[in-house]
file structure.pdb (PDB, C-alpha atoms and all ligand atoms)
ATOM      1  CA  MET S   1       5.890 -80.189 -21.953  1.00  0.00           C
ATOM      2  CA  VAL S   2       7.532 -78.176 -24.700  1.00  0.00           C
ATOM      3  CA  SER S   3       9.897 -75.334 -23.859  1.00  0.00           C
ATOM      4  CA  ASN S   4       8.738 -71.732 -23.723  1.00  0.00           C
ATOM      5  CA  GLU S   5      10.905 -70.963 -26.739  1.00  0.00           C
ATOM      6  CA  ILE S   6       8.929 -73.444 -28.861  1.00  0.00           C
ATOM      7  CA  LYS S   7       5.616 -72.219 -27.497  1.00  0.00           C
ATOM      8  CA  GLU S   8       6.562 -68.627 -28.308  1.00  0.00           C
ATOM      9  CA  VAL S   9       7.483 -69.463 -31.912  1.00  0.00           C
ATOM     10  CA  PHE S  10       4.125 -71.200 -32.325  1.00  0.00           C
ATOM     11  CA  VAL S  11       1.980 -68.530 -30.651  1.00  0.00           C
ATOM     12  CA  LYS S  12       3.732 -65.771 -32.582  1.00  0.00           C
ATOM     13  CA  TYR S  13       3.074 -67.581 -35.853  1.00  0.00           C
ATOM     14  CA  LEU S  14      -0.592 -68.225 -35.028  1.00  0.00           C
ATOM     15  CA  LYS S  15      -1.146 -64.578 -34.081  1.00  0.00           C
ATOM     16  CA  GLU S  16       0.641 -63.183 -37.125  1.00  0.00           C
ATOM     17  CA  HIS S  17      -1.404 -65.337 -39.470  1.00  0.00           C
ATOM     18  CA  SER S  18      -4.714 -64.884 -37.610  1.00  0.00           C
ATOM     19  CA  HIS S  19      -5.058 -68.540 -36.669  1.00  0.00           C
ATOM     20  CA  ARG S  20      -6.952 -69.395 -33.497  1.00  0.00           C
ATOM     21  CA  ILE S  21      -4.911 -70.231 -30.426  1.00  0.00           C
ATOM     22  CA  THR S  22      -6.615 -73.235 -28.871  1.00  0.00           C
ATOM     23  CA  ASN S  23      -5.830 -75.797 -26.172  1.00  0.00           C
ATOM     24  CA  GLU S  24      -6.156 -78.597 -28.713  1.00  0.00           C
ATOM     25  CA  ARG S  25      -3.399 -77.057 -30.822  1.00  0.00           C
ATOM     26  CA  PHE S  26      -1.124 -76.967 -27.783  1.00  0.00           C
ATOM     27  CA  LEU S  27      -1.864 -80.614 -27.048  1.00  0.00           C
ATOM     28  CA  VAL S  28      -0.845 -81.513 -30.604  1.00  0.00           C
ATOM     29  CA  LEU S  29       2.255 -79.302 -30.335  1.00  0.00           C
ATOM     30  CA  ASP S  30       3.303 -81.101 -27.155  1.00  0.00           C
ATOM     31  CA  ALA S  31       2.665 -84.552 -28.571  1.00  0.00           C
ATOM     32  CA  ALA S  32       4.403 -83.824 -31.897  1.00  0.00           C
ATOM     33  CA  MET S  33       7.512 -82.433 -30.229  1.00  0.00           C
ATOM     34  CA  SER S  34       7.868 -85.588 -28.146  1.00  0.00           C
ATOM     35  CA  MET S  35       7.663 -87.944 -31.155  1.00  0.00           C
ATOM     36  CA  GLN S  36      10.899 -89.671 -32.143  1.00  0.00           C
ATOM     37  CA  GLY S  37      12.103 -89.932 -35.729  1.00  0.00           C
ATOM     38  CA  HIS S  38       9.777 -89.561 -38.705  1.00  0.00           C
ATOM     39  CA  PHE S  39       6.071 -89.920 -38.043  1.00  0.00           C
ATOM     40  CA  ASP S  40       2.876 -89.434 -39.986  1.00  0.00           C
ATOM     41  CA  ALA S  41      -0.276 -87.631 -38.891  1.00  0.00           C
ATOM     42  CA  ASP S  42      -2.162 -90.838 -38.082  1.00  0.00           C
ATOM     43  CA  GLU S  43       0.625 -92.179 -35.871  1.00  0.00           C
ATOM     44  CA  LEU S  44       0.538 -88.940 -33.926  1.00  0.00           C
ATOM     45  CA  TYR S  45      -3.250 -89.047 -33.755  1.00  0.00           C
ATOM     46  CA  LEU S  46      -3.202 -92.592 -32.295  1.00  0.00           C
ATOM     47  CA  ASN S  47      -0.543 -91.562 -29.832  1.00  0.00           C
ATOM     48  CA  ILE S  48      -2.685 -88.682 -28.606  1.00  0.00           C
ATOM     49  CA  LYS S  49      -5.749 -90.919 -28.388  1.00  0.00           C
ATOM     50  CA  GLU S  50      -3.850 -93.473 -26.331  1.00  0.00           C
ATOM     51  CA  SER S  51      -3.056 -90.742 -23.817  1.00  0.00           C
ATOM     52  CA  PHE S  52      -6.829 -90.170 -23.468  1.00  0.00           C
ATOM     53  CA  LEU S  53      -6.630 -86.686 -24.876  1.00  0.00           C
ATOM     54  CA  LYS S  54      -9.517 -85.449 -26.964  1.00  0.00           C
ATOM     55  CA  VAL S  55      -8.292 -83.940 -30.203  1.00  0.00           C
ATOM     56  CA  SER S  56      -9.895 -84.538 -33.579  1.00  0.00           C
ATOM     57  CA  ARG S  57      -7.965 -86.042 -36.465  1.00  0.00           C
ATOM     58  CA  ALA S  58      -8.616 -82.847 -38.461  1.00  0.00           C
ATOM     59  CA  THR S  59      -7.004 -80.757 -35.731  1.00  0.00           C
ATOM     60  CA  VAL S  60      -3.943 -83.022 -35.737  1.00  0.00           C
ATOM     61  CA  TYR S  61      -3.557 -82.622 -39.512  1.00  0.00           C
ATOM     62  CA  LYS S  62      -4.100 -78.878 -39.419  1.00  0.00           C
ATOM     63  CA  THR S  63      -1.765 -78.291 -36.472  1.00  0.00           C
ATOM     64  CA  LEU S  64       1.032 -80.291 -38.131  1.00  0.00           C
ATOM     65  CA  GLU S  65       0.667 -78.065 -41.199  1.00  0.00           C
ATOM     66  CA  LEU S  66       0.914 -74.951 -39.049  1.00  0.00           C
ATOM     67  CA  MET S  67       3.930 -76.340 -37.200  1.00  0.00           C
ATOM     68  CA  SER S  68       5.732 -77.026 -40.441  1.00  0.00           C
ATOM     69  CA  GLU S  69       4.914 -73.548 -41.749  1.00  0.00           C
ATOM     70  CA  CYS S  70       6.590 -72.010 -38.719  1.00  0.00           C
ATOM     71  CA  LYS S  71       9.525 -74.435 -39.082  1.00  0.00           C
ATOM     72  CA  LEU S  72       9.171 -76.260 -35.773  1.00  0.00           C
ATOM     73  CA  ILE S  73       8.923 -79.481 -37.749  1.00  0.00           C
ATOM     74  CA  THR S  74       9.851 -80.514 -41.278  1.00  0.00           C
ATOM     75  CA  LYS S  75       7.341 -82.071 -43.625  1.00  0.00           C
ATOM     76  CA  HIS S  76       8.748 -84.781 -45.875  1.00  0.00           C
ATOM     77  CA  ASN S  77       7.197 -86.418 -48.864  1.00  0.00           C
ATOM     78  CA  PHE S  78       9.213 -89.559 -49.273  1.00  0.00           C
ATOM     79  CA  LYS S  79       8.566 -91.449 -52.500  1.00  0.00           C
ATOM     80  CA  GLY S  80       5.115 -93.033 -52.644  1.00  0.00           C
ATOM     81  CA  ASP S  81       4.544 -92.448 -48.991  1.00  0.00           C
ATOM     82  CA  ARG S  82       2.263 -90.358 -46.808  1.00  0.00           C
ATOM     83  CA  SER S  83       3.645 -87.053 -45.565  1.00  0.00           C
ATOM     84  CA  ARG S  84       5.943 -87.602 -42.654  1.00  0.00           C
ATOM     85  CA  TYR S  85       7.067 -85.080 -40.143  1.00  0.00           C
ATOM     86  CA  GLU S  86      10.028 -84.708 -37.856  1.00  0.00           C
ATOM     87  CA  LYS S  87      11.238 -82.251 -35.299  1.00  0.00           C
ATOM     88  CA  LYS S  88      13.304 -79.475 -36.875  1.00  0.00           C
ATOM     89  CA  ILE S  89      14.013 -77.013 -34.099  1.00  0.00           C
ATOM     90  CA  GLY S  90      17.127 -77.930 -32.117  1.00  0.00           C
ATOM     91  CA  ARG S  91      18.267 -80.503 -34.678  1.00  0.00           C
ATOM     92  CA  GLU S  92      21.194 -80.135 -37.010  1.00  0.00           C
ATOM     93  CA  GLN S  93      20.644 -80.162 -40.763  1.00  0.00           C
ATOM     94  CA  HIS S  94      20.558 -83.744 -41.980  1.00  0.00           C
ATOM     95  CA  TYR S  95      19.626 -85.687 -45.093  1.00  0.00           C
ATOM     96  CA  HIS S  96      17.758 -88.876 -45.870  1.00  0.00           C
ATOM     97  CA  ILE S  97      18.331 -92.084 -47.775  1.00  0.00           C
ATOM     98  CA  LEU S  98      15.296 -94.334 -48.008  1.00  0.00           C
ATOM     99  CA  CYS S  99      15.314 -98.044 -48.823  1.00  0.00           C
ATOM    100  CA  LEU S 100      12.572 -98.668 -51.395  1.00  0.00           C
ATOM    101  CA  ASP S 101      12.105-102.249 -50.122  1.00  0.00           C
ATOM    102  CA  CYS S 102      11.794-101.858 -46.368  1.00  0.00           C
ATOM    103  CA  GLN S 103      11.103 -98.083 -46.336  1.00  0.00           C
ATOM    104  CA  HIS S 104      13.710 -97.636 -43.624  1.00  0.00           C
ATOM    105  CA  ILE S 105      15.011 -94.086 -43.476  1.00  0.00           C
ATOM    106  CA  PHE S 106      18.735 -93.620 -42.937  1.00  0.00           C
ATOM    107  CA  GLU S 107      19.849 -90.197 -41.796  1.00  0.00           C
ATOM    108  CA  PHE S 108      23.203 -88.610 -42.399  1.00  0.00           C
ATOM    109  CA  THR S 109      24.894 -85.248 -42.056  1.00  0.00           C
ATOM    110  CA  GLU S 110      27.264 -83.778 -44.618  1.00  0.00           C
ATOM    111  CA  PRO S 111      28.234 -80.107 -44.156  1.00  0.00           C
ATOM    112  CA  LYS S 112      29.660 -79.986 -47.696  1.00  0.00           C
ATOM    113  CA  ILE S 113      26.146 -80.152 -49.179  1.00  0.00           C
ATOM    114  CA  GLY S 114      24.999 -76.980 -47.426  1.00  0.00           C
ATOM    115  CA  LYS S 115      28.235 -75.199 -48.264  1.00  0.00           C
ATOM    116  CA  THR S 116      28.003 -76.147 -51.948  1.00  0.00           C
ATOM    117  CA  LEU S 117      24.405 -74.927 -52.185  1.00  0.00           C
ATOM    118  CA  LYS S 118      25.263 -71.646 -50.467  1.00  0.00           C
ATOM    119  CA  LYS S 119      28.084 -71.103 -52.919  1.00  0.00           C
ATOM    120  CA  LEU S 120      25.911 -71.956 -55.947  1.00  0.00           C
ATOM    121  CA  CYS S 121      23.152 -69.650 -54.738  1.00  0.00           C
ATOM    122  CA  SER S 122      25.476 -66.752 -54.128  1.00  0.00           C
ATOM    123  CA  GLU S 123      26.942 -67.177 -57.630  1.00  0.00           C
ATOM    124  CA  LYS S 124      23.415 -66.890 -58.989  1.00  0.00           C
ATOM    125  CA  ARG S 125      22.663 -63.968 -56.655  1.00  0.00           C
ATOM    126  CA  LEU S 126      20.102 -65.959 -54.673  1.00  0.00           C
ATOM    127  CA  ASN S 127      19.496 -66.197 -50.943  1.00  0.00           C
ATOM    128  CA  LEU S 128      19.367 -69.802 -49.829  1.00  0.00           C
ATOM    129  CA  ILE S 129      16.360 -70.172 -47.526  1.00  0.00           C
ATOM    130  CA  ASP S 130      16.205 -73.881 -46.905  1.00  0.00           C
ATOM    131  CA  HIS S 131      17.189 -77.140 -48.536  1.00  0.00           C
ATOM    132  CA  SER S 132      16.641 -80.873 -48.285  1.00  0.00           C
ATOM    133  CA  LEU S 133      18.018 -83.974 -49.889  1.00  0.00           C
ATOM    134  CA  GLN S 134      16.465 -87.396 -50.337  1.00  0.00           C
ATOM    135  CA  ALA S 135      18.062 -90.369 -52.009  1.00  0.00           C
ATOM    136  CA  PHE S 136      16.484 -93.732 -52.785  1.00  0.00           C
ATOM    137  CA  SER S 137      18.220 -97.038 -52.431  1.00  0.00           C
ATOM    138  CA  THR S 138      17.810-100.719 -51.605  1.00  0.00           C
ATOM    139  CA  CYS S 139      19.557-102.497 -48.743  1.00  0.00           C
ATOM    140  CA  LYS S 140      22.495-104.646 -49.810  1.00  0.00           C
ATOM    141  CA  GLU S 141      22.049-106.950 -46.843  1.00  0.00           C
ATOM    142  CA  LYS S 142      18.759-108.778 -47.330  1.00  0.00           C
ATOM    143  CA  GLU S 143      18.477-109.943 -43.697  1.00  0.00           C
ATOM    144  CA  LYS S 144      18.745-106.401 -42.475  1.00  0.00           C
ATOM    145  CA  CYS S 145      16.134-105.285 -44.988  1.00  0.00           C
ATOM    146  CA  ILE S 146      13.707-107.989 -43.823  1.00  0.00           C
ATOM    147  CA  TYR S 147      14.357-107.017 -40.220  1.00  0.00           C
ATOM    148  CA  TYR S 148      13.577-103.356 -40.946  1.00  0.00           C
ATOM    149  CA  LYS S 149      10.468-104.319 -42.872  1.00  0.00           C
ATOM    150  CA  LYS S 150       9.205-106.419 -39.948  1.00  0.00           C
ATOM    151  CA  SER S 151       9.922-103.751 -37.379  1.00  0.00           C
ATOM    152  CA  ARG S 152       7.919-101.288 -39.465  1.00  0.00           C
ATOM    153  CA  LEU S 153       4.896-103.580 -39.411  1.00  0.00           C
ATOM    154  CA  ARG S 154       4.868-103.828 -35.639  1.00  0.00           C
TER
HETATM  155 ZN    ZN L 201      15.245 -87.103 -40.498  1.00  0.00          ZN
HETATM  156 ZN    ZN L 202      15.796-102.170 -46.900  1.00  0.00          ZN
END
call {"tool": "encode", "arguments": {"input": "structure.pdb", "output": "structure tokens"}}
result
Amino acid sequence: MVSNEIKEVFVKYLKEHSHRITNERFLVLDAAMSMQGHFDADELYLNIKESFLKVSRATVYKTLELMSECKLITKHNFKGDRSRYEKKIGREQHYHILCLDCQHIFEFTEPKIGKTLKKLCSEKRLNLIDHSLQAFSTCKEKEKCIYYKKSRLR
């Protein structure tokens, strides 16, 4: 079950934007917050189905959109890939490097990036609201790349 803090953020957002508050949306909220790493809507949908919960695919898609609007999760569009989501609340700011061969996503943190952007924005008299960084690469170690590729196709 998700914490009350998360539930409150979600309910507040739904109310403020006149979206319906339904049980199905809470089921998706729960399931999405317990997903590890970066997942797409269909992976979440299958996960929910496997737990014998009845939620339509459309509701899963819609709820993920709502959750990213209220910043509980982040929506990523990695190159040539379906939208992927990941938990945002309670996580520190991090960045992504994707291997174009195996599609493995490497995460890293670098406080200098945020600091630099804040400085640049303030010089231009802008308020920094949010930021993200994606880089694209290929694995140098081919065995590792093949291993990642295989583990993705599980
Ligand atoms: Zn990430
Ligand atoms: Zn790779």
call {"tool": "resolve_selection", "arguments": {"input": "structure.pdb", "expression": "the PyMOL selection byres (((chain S and resi 47) around 12) and not hetatm)", "output": "MDAnalysis selection string"}}
result
chainID S and resid 27:28 30:32 34:36 39:46 48:55 57 60
call {"tool": "write_last_selection", "arguments": {"input": "structure.pdb", "atoms": "C-alpha atoms", "output": "PDB file, in the coordinates of the input"}}
result
ATOM      1  CA  LEU S  27      -1.864 -80.614 -27.048  1.00  0.00           C
ATOM      2  CA  VAL S  28      -0.845 -81.513 -30.604  1.00  0.00           C
ATOM      3  CA  ASP S  30       3.303 -81.101 -27.155  1.00  0.00           C
ATOM      4  CA  ALA S  31       2.665 -84.552 -28.571  1.00  0.00           C
ATOM      5  CA  ALA S  32       4.403 -83.824 -31.897  1.00  0.00           C
ATOM      6  CA  SER S  34       7.868 -85.588 -28.146  1.00  0.00           C
ATOM      7  CA  MET S  35       7.663 -87.944 -31.155  1.00  0.00           C
ATOM      8  CA  GLN S  36      10.899 -89.671 -32.143  1.00  0.00           C
ATOM      9  CA  PHE S  39       6.071 -89.920 -38.043  1.00  0.00           C
ATOM     10  CA  ASP S  40       2.876 -89.434 -39.986  1.00  0.00           C
ATOM     11  CA  ALA S  41      -0.276 -87.631 -38.891  1.00  0.00           C
ATOM     12  CA  ASP S  42      -2.162 -90.838 -38.082  1.00  0.00           C
ATOM     13  CA  GLU S  43       0.625 -92.179 -35.871  1.00  0.00           C
ATOM     14  CA  LEU S  44       0.538 -88.940 -33.926  1.00  0.00           C
ATOM     15  CA  TYR S  45      -3.250 -89.047 -33.755  1.00  0.00           C
ATOM     16  CA  LEU S  46      -3.202 -92.592 -32.295  1.00  0.00           C
ATOM     17  CA  ILE S  48      -2.685 -88.682 -28.606  1.00  0.00           C
ATOM     18  CA  LYS S  49      -5.749 -90.919 -28.388  1.00  0.00           C
ATOM     19  CA  GLU S  50      -3.850 -93.473 -26.331  1.00  0.00           C
ATOM     20  CA  SER S  51      -3.056 -90.742 -23.817  1.00  0.00           C
ATOM     21  CA  PHE S  52      -6.829 -90.170 -23.468  1.00  0.00           C
ATOM     22  CA  LEU S  53      -6.630 -86.686 -24.876  1.00  0.00           C
ATOM     23  CA  LYS S  54      -9.517 -85.449 -26.964  1.00  0.00           C
ATOM     24  CA  VAL S  55      -8.292 -83.940 -30.203  1.00  0.00           C
ATOM     25  CA  ARG S  57      -7.965 -86.042 -36.465  1.00  0.00           C
ATOM     26  CA  VAL S  60      -3.943 -83.022 -35.737  1.00  0.00           C
TER      27      VAL S  60
END
call {"tool": "residues_around", "arguments": {"input": "structure.pdb", "residues": "segment 7-9 of chain S", "least_positions_apart": "3", "cutoff": "9 Å", "atoms": "all atoms listed in the file", "output": "list in words"}}
result
Val2, Ser3, Asn4, Lys12, Tyr13, Leu14, Phe26, Leu29, Cys70, Lys71 and Leu72 of chain S
call {"tool": "closest_atom_pairs", "arguments": {"input": "structure.pdb", "of": "chain S", "to": "ligand ZN 202 (chain L)", "cutoff": "6 Å", "atoms": "all atoms listed in the file", "output": "JSON lines"}}
result
{"residue": "S:Cys99", "atom": "CA", "partner": "L:ZN202", "partner_atom": "ZN", "distance": 4.6}
{"residue": "S:Asp101", "atom": "CA", "partner": "L:ZN202", "partner_atom": "ZN", "distance": 4.9}
{"residue": "S:Cys102", "atom": "CA", "partner": "L:ZN202", "partner_atom": "ZN", "distance": 4.0}
{"residue": "S:His104", "atom": "CA", "partner": "L:ZN202", "partner_atom": "ZN", "distance": 6.0}
{"residue": "S:Thr138", "atom": "CA", "partner": "L:ZN202", "partner_atom": "ZN", "distance": 5.3}
{"residue": "S:Cys139", "atom": "CA", "partner": "L:ZN202", "partner_atom": "ZN", "distance": 4.2}
{"residue": "S:Cys145", "atom": "CA", "partner": "L:ZN202", "partner_atom": "ZN", "distance": 3.7}
call {"tool": "closest_atom_pairs", "arguments": {"input": "structure.pdb", "of": "chain S", "to": "ligand ZN 201 (chain L)", "cutoff": "9 Å", "atoms": "all atoms listed in the file", "output": "Markdown table"}}
result
| residue | atom | partner | partner_atom | distance |
| --- | --- | --- | --- | --- |
| S:Gly37 | CA | L:ZN201 | ZN | 6.4 |
| S:His38 | CA | L:ZN201 | ZN | 6.3 |
| S:Thr74 | CA | L:ZN201 | ZN | 8.6 |
| S:His76 | CA | L:ZN201 | ZN | 8.7 |
| S:Tyr85 | CA | L:ZN201 | ZN | 8.4 |
| S:Glu86 | CA | L:ZN201 | ZN | 6.3 |
| S:Lys87 | CA | L:ZN201 | ZN | 8.2 |
| S:Lys88 | CA | L:ZN201 | ZN | 8.7 |
| S:Gln93 | CA | L:ZN201 | ZN | 8.8 |
| S:His94 | CA | L:ZN201 | ZN | 6.5 |
| S:Tyr95 | CA | L:ZN201 | ZN | 6.5 |
| S:His96 | CA | L:ZN201 | ZN | 6.2 |
| S:Ile105 | CA | L:ZN201 | ZN | 7.6 |
| S:Phe106 | CA | L:ZN201 | ZN | 7.8 |
| S:Glu107 | CA | L:ZN201 | ZN | 5.7 |
| S:Phe108 | CA | L:ZN201 | ZN | 8.3 |
call {"tool": "closest_residue", "arguments": {"input": "structure.pdb", "among": "S:Thr63, S:Ile129, S:Leu100, S:Asn77", "to": "Lys149 of chain S", "atoms": "all atoms listed in the file"}}
result
S:Leu100
call {"tool": "closest_residue", "arguments": {"input": "structure.pdb", "among": "S:Glu92, S:Lys75, S:Ala135, S:Leu66", "to": "Gly114 of chain S", "atoms": "all atoms listed in the file"}}
result
S:Glu92
call {"tool": "resolve_selection", "arguments": {"input": "structure.pdb", "expression": "the PyMOL selection byres (((chain S and resi 128) around 12) and not hetatm)", "output": "number ranges by chain"}}
result
S: 114-127, 129-132
call {"tool": "atom_distance", "arguments": {"input": "structure.pdb", "atom1": "atom CA of Ile113 of chain S", "atom2": "atom CA of Ile73 of chain S"}}
result
20.7 Å
call {"tool": "axis_aligned_box", "arguments": {"input": "structure.pdb", "around": "segment 41-54 of chain S", "padding_each_side": "6 Å", "output": "AutoDock Vina command-line options"}}
result
--center_x -4.4 --center_y -89.5 --center_z -31.2 --size_x 22.1 --size_y 20.0 --size_z 27.4
call {"tool": "closest_residue", "arguments": {"input": "structure.pdb", "among": "S:Met1, S:Glu143, S:Phe10, S:Asp81", "to": "Glu69 of chain S", "atoms": "only C-alpha atoms"}}
result
S:Phe10
call {"tool": "residues_around", "arguments": {"input": "structure.pdb", "residues": "Phe78 of chain S", "least_positions_apart": "6", "cutoff": "9 Å", "atoms": "only C-alpha atoms", "output": "list in words"}}
result
Arg84, Leu98 and Gln134 of chain S
call {"tool": "build_atoms", "arguments": {"input": "structure.pdb", "residues": "segment 36-48 of chain S", "atoms": "N, CA and C atoms", "output": "PDB file, keeping the file's coordinate frame"}}
result
ATOM      1  N   GLN S  36       9.533 -89.375 -31.696  1.00  0.00           N
ATOM      2  CA  GLN S  36      10.899 -89.671 -32.143  1.00  0.00           C
ATOM      3  C   GLN S  36      10.887 -89.959 -33.638  1.00  0.00           C
ATOM      4  N   GLY S  37      11.928 -89.565 -34.321  1.00  0.00           N
ATOM      5  CA  GLY S  37      12.103 -89.932 -35.729  1.00  0.00           C
ATOM      6  C   GLY S  37      11.066 -89.302 -36.643  1.00  0.00           C
ATOM      7  N   HIS S  38      10.685 -90.071 -37.677  1.00  0.00           N
ATOM      8  CA  HIS S  38       9.777 -89.561 -38.705  1.00  0.00           C
ATOM      9  C   HIS S  38       8.412 -90.192 -38.487  1.00  0.00           C
ATOM     10  N   PHE S  39       7.406 -89.387 -38.347  1.00  0.00           N
ATOM     11  CA  PHE S  39       6.071 -89.920 -38.043  1.00  0.00           C
ATOM     12  C   PHE S  39       5.045 -89.308 -38.980  1.00  0.00           C
ATOM     13  N   ASP S  40       3.943 -90.033 -39.179  1.00  0.00           N
ATOM     14  CA  ASP S  40       2.876 -89.434 -39.986  1.00  0.00           C
ATOM     15  C   ASP S  40       1.733 -88.980 -39.076  1.00  0.00           C
ATOM     16  N   ALA S  41       0.791 -88.266 -39.672  1.00  0.00           N
ATOM     17  CA  ALA S  41      -0.276 -87.631 -38.891  1.00  0.00           C
ATOM     18  C   ALA S  41      -1.100 -88.668 -38.121  1.00  0.00           C
ATOM     19  N   ASP S  42      -1.347 -89.822 -38.747  1.00  0.00           N
ATOM     20  CA  ASP S  42      -2.162 -90.838 -38.082  1.00  0.00           C
ATOM     21  C   ASP S  42      -1.454 -91.458 -36.882  1.00  0.00           C
ATOM     22  N   GLU S  43      -0.140 -91.652 -37.010  1.00  0.00           N
ATOM     23  CA  GLU S  43       0.625 -92.179 -35.871  1.00  0.00           C
ATOM     24  C   GLU S  43       0.534 -91.214 -34.687  1.00  0.00           C
ATOM     25  N   LEU S  44       0.634 -89.939 -34.990  1.00  0.00           N
ATOM     26  CA  LEU S  44       0.538 -88.940 -33.926  1.00  0.00           C
ATOM     27  C   LEU S  44      -0.865 -88.931 -33.321  1.00  0.00           C
ATOM     28  N   TYR S  45      -1.859 -89.037 -34.206  1.00  0.00           N
ATOM     29  CA  TYR S  45      -3.250 -89.047 -33.755  1.00  0.00           C
ATOM     30  C   TYR S  45      -3.508 -90.216 -32.792  1.00  0.00           C
ATOM     31  N   LEU S  46      -3.014 -91.414 -33.159  1.00  0.00           N
ATOM     32  CA  LEU S  46      -3.202 -92.592 -32.295  1.00  0.00           C
ATOM     33  C   LEU S  46      -2.492 -92.421 -30.953  1.00  0.00           C
ATOM     34  N   ASN S  47      -1.316 -91.836 -31.036  1.00  0.00           N
ATOM     35  CA  ASN S  47      -0.543 -91.562 -29.832  1.00  0.00           C
ATOM     36  C   ASN S  47      -1.304 -90.661 -28.861  1.00  0.00           C
ATOM     37  N   ILE S  48      -1.923 -89.634 -29.419  1.00  0.00           N
ATOM     38  CA  ILE S  48      -2.685 -88.682 -28.606  1.00  0.00           C
ATOM     39  C   ILE S  48      -3.912 -89.376 -28.013  1.00  0.00           C
TER      40      ILE S  48
END
